[in-house]
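Following: one structure in structure tokens, then a few remarks.
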Amino acid sequence: MTFFKKHLYGDYGDKESPTGGNVQHSPFGDGGWPLWEVFIRSKQGLDHKHVGSLHAADAQMAIENARDVYTRRNEGVSIWVVESKNIHATNPDDAESFYEPANDKVYRHPTFYDLPDEVQHM
Amino acid sequence: MSTAVFTYSLHLADNALILGQRNSEWCAHGPVLEQDIAITNISLDLLGQARNFYQYAATLYNQFSSEEKESVDRLVPALWKTYNRDLEEDDLAFLRVEHQYLHLLITELPNGDWAQTILRQFFFSAFQQLLYTELQKNSDEQLAAIGEKSLKEVVYHLRWSSEWVIRLGDGTDESHKRIKKAFGELWMFTGEMFVPSSYELVDTGNLKGNWEQKVKEIFDEALLLSTIEDDLGVKFQKGGKEGKHTEHLDYILSDMQYLQRAHPNSQW
């Protein structure tokens with residue numbers, strides 16, 4: 001019953017491998033529509049930010065779906081989509097070796113010297 | 001002149017309202033979530049256009065002389081007359097009866113399958129794009145302004161539906177079969193768009209050439225051109241612009257008007 005396979009936002013890369021187009025979750029049967037990640041720039045000058053994902057048959061449809069799903073309330077001025085299978089992510093199992101070594105390196109933070117008052121915004 | 005603007009506004013509003021209502025039937029029934037949202041979005045755009053035209057029609061009517069009111073009386077809902085207040089957009093949308101609606105027949109046809117809904121949207125959006133482009137130049141400033149505002153939405157509807165026609169036509173055997181069948185269902189209702197009526201302020205007959213060109217261009221890409229020749233000679237249906245509708249309209253109205261008729265003059 002892959003038809004009902006639950007696919008929640010945030011699951012990606014966690015519970016299933018990043019296979020994008022091969023994920024079986026589509027009512028369209030074998031293969032289904034690939035998953036796409038959506039990035040939106042909310043105003044000129046800001047970065048594109050990841051806002052979610054969706055299914056689409058091709059890039060054109062993915063952009064239009066993103067427009068309809070994620071920018072209906074004036075959220076954006078530019079959309080990027082990228083097929084999820086093209087995103088390579090760290091594995092949660094590697095978290096210890098990847099991130100924890102930074103935990104006890106307080107000296108990497110610029111907190112051990114006095115800042116002159118004239119320097120603002122630090 | 002302004003009674004023609006009133007009638008024409010109703011015609012444009014009815015087109016948008018009835019197709020919007022039809023498309024909204026897909027809400028929560030779309031083939032996939034993303035397309036469900038897409039078609040519902042188009043419904044909302046159309047509803048917004050309908051509101052603009054109904055509001056304008058109501059404003060015009062309220063300023064009419066009694067002679068002018070008399071001349072458009074056949075289009076004004078009877079139930080509203082018992083309300084003893086100015087005419088409002090909702091009265092026009094929800095209280096008129098079947099023969100007072102002036103929309104094109106193609107907008108009231110049942111949705112059929114996804115292919116039929118898509119193809120209808122494509123035919124209609126291609127027409128609406130040409131129509132609103134002309135409407136922008138109209139001497140009536142309000143109609144021109146609504147045309148300009150709505151055109152932006154329609155350009156997207158046309159893009160979206162064109163791509164779907166190509167995707168289905170040039171897709172699988174099944175999708176090609178379905179879009180071809182949809183063509184057989186809908187083609188006879190496209191001719192009405194270009195048959196002029198007494199109140200229209202844009203010469204729709206002039207739009208036909210460009211419309212056919214657009215359809216041909218997309219059908220060519222969708223590999224549909226060679227498969228539809230047999231259907232092209234069909235006799236076109238008409239009557240919607242004069243208030244003569246198919247049996248399908250009653251069902252739409254009974255659904256859409258239920259609340260206003262069960263609870264007259266109710267407000268949100």
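We name chains A, B, ... following the order of the structure tokens; residues begin at 1 in each chain, and ligands are numbered from 1 as shown.
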
At a cut-off of 7 Å, can you tabulate as a tab-separated table every residue of chain B near chain A together with its closest atom pair and the distance in Å to one decimal, using only C-alpha atoms and ordering rows by chain then number?
residue	atom	partner	partner_atom	distance
B:Glu34	CA	A:Asn65	CA	5.7
B:Ile37	CA	A:Asp68	CA	6.6
B:Ala38	CA	A:Asp68	CA	5.6

(request) Once DSSP has gone over the backbone, tell me which residues of range 47-259 of chain B are in helix (DSSP H, G or I), as a ChimeraX atom specification. (result) /B:47-63,66-71,73-75,78-81,89-94,98-100,105-108,114-135,141-169,173-189,191-194,204-221,225-227,229-231,240-242,248-256,258-259

(request) Work out how far apart CA of Trp26 in chain B and CA of Ile179 in chain B are and give it in Å to one decimal. (result) 17.7 Å

(message) as a list in words, please: the residues near range 238-246 of chain B (cut-off 6 Å, only C-alpha atoms, same-chain neighbours under 5 positions excluded).
(response)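 Close residues of range 238-246 of chain B: His99, Gln100, Tyr101, Leu102, His103, Leu104, Leu105 and Glu192 of chain B.
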
(request) Using only C-alpha atoms, determine which residues lie at most 8 Å from Leu131 in chain B, disregarding the query and same-chain residues fewer than 3 positions distant; provide the list as number ranges by chain. (result) B: 127-128, 134-135, 202, 204, 207

(message) For Asp36 in chain B, find every residue with an atom within 7 Å (counting only C-alpha atoms), except residues of its own chain fewer than 5 positions away, and show them as a PyMOL selection string.
(response) chain B and resi 26-31

Could the residues in this selection be written to a file with N, CA, C and O atoms, as a PDB file, in the first residue's frame?
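Written file, again.pdb:
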ATOM      1  N   TRP B  26     -14.058  21.416  -8.372  1.00  0.00           N
ATOM      2  CA  TRP B  26     -12.849  20.589  -8.239  1.00  0.00           C
ATOM      3  C   TRP B  26     -12.217  20.716  -6.854  1.00  0.00           C
ATOM      4  O   TRP B  26     -11.349  19.915  -6.498  1.00  0.00           O
ATOM      5  N   CYS B  27     -12.628  21.727  -6.110  1.00  0.00           N
ATOM      6  CA  CYS B  27     -11.987  21.974  -4.820  1.00  0.00           C
ATOM      7  C   CYS B  27     -12.086  20.722  -3.944  1.00  0.00           C
ATOM      8  O   CYS B  27     -13.183  20.213  -3.697  1.00  0.00           O
ATOM      9  N   ALA B  28     -10.945  20.216  -3.509  1.00  0.00           N
ATOM     10  CA  ALA B  28     -10.829  18.987  -2.714  1.00  0.00           C
ATOM     11  C   ALA B  28     -11.058  17.728  -3.546  1.00  0.00           C
ATOM     12  O   ALA B  28     -11.086  16.631  -3.010  1.00  0.00           O
ATOM     13  N   HIS B  29     -11.223  17.866  -4.875  1.00  0.00           N
ATOM     14  CA  HIS B  29     -11.372  16.695  -5.736  1.00  0.00           C
ATOM     15  C   HIS B  29     -10.322  16.668  -6.852  1.00  0.00           C
ATOM     16  O   HIS B  29     -10.431  15.868  -7.777  1.00  0.00           O
ATOM     17  N   GLY B  30      -9.376  17.586  -6.826  1.00  0.00           N
ATOM     18  CA  GLY B  30      -8.374  17.661  -7.887  1.00  0.00           C
ATOM     19  C   GLY B  30      -7.539  16.392  -7.956  1.00  0.00           C
ATOM     20  O   GLY B  30      -7.475  15.634  -6.985  1.00  0.00           O
ATOM     21  N   PRO B  31      -6.915  16.149  -9.124  1.00  0.00           N
ATOM     22  CA  PRO B  31      -6.140  14.916  -9.296  1.00  0.00           C
ATOM     23  C   PRO B  31      -4.938  14.834  -8.357  1.00  0.00           C
ATOM     24  O   PRO B  31      -4.570  13.746  -7.933  1.00  0.00           O
TER      25      PRO B  31
END

(message) Using only C-alpha atoms for the distances, tell me which of B:Phe122, B:Leu201, B:Tyr61, B:Gln21 is nearest to Gln136 in chain B.
(response)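 Ranked by minimum distance to Gln136 in chain B, first place goes to B:Leu201.
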
(request) Measure the distance from CA of Tyr107 in chain A to CA of Ala95 in chain A in Å and round it to one decimal. (result) 21.4 Å

(message) So that I can check the surroundings of Ala144 in chain B, please list as a PyMOL selection string every protein, DNA and RNA residue that reaches within 12 Å of it, counting only C-alpha atoms and ignoring chain neighbours fewer than 4 positions away.
(response) chain B and resi 5+9+52-53+56+131-140+148-151+201-202

(request) Excluding Gln116 in chain B and any residue of its chain fewer than 2 positions from it, enumerate the residues within 12 Å of it, using only C-alpha atoms, and give them as a ChimeraX atom specification. (result) /B:22-23,106-107,109-114,118-123,161,164-165,168-169,175-187
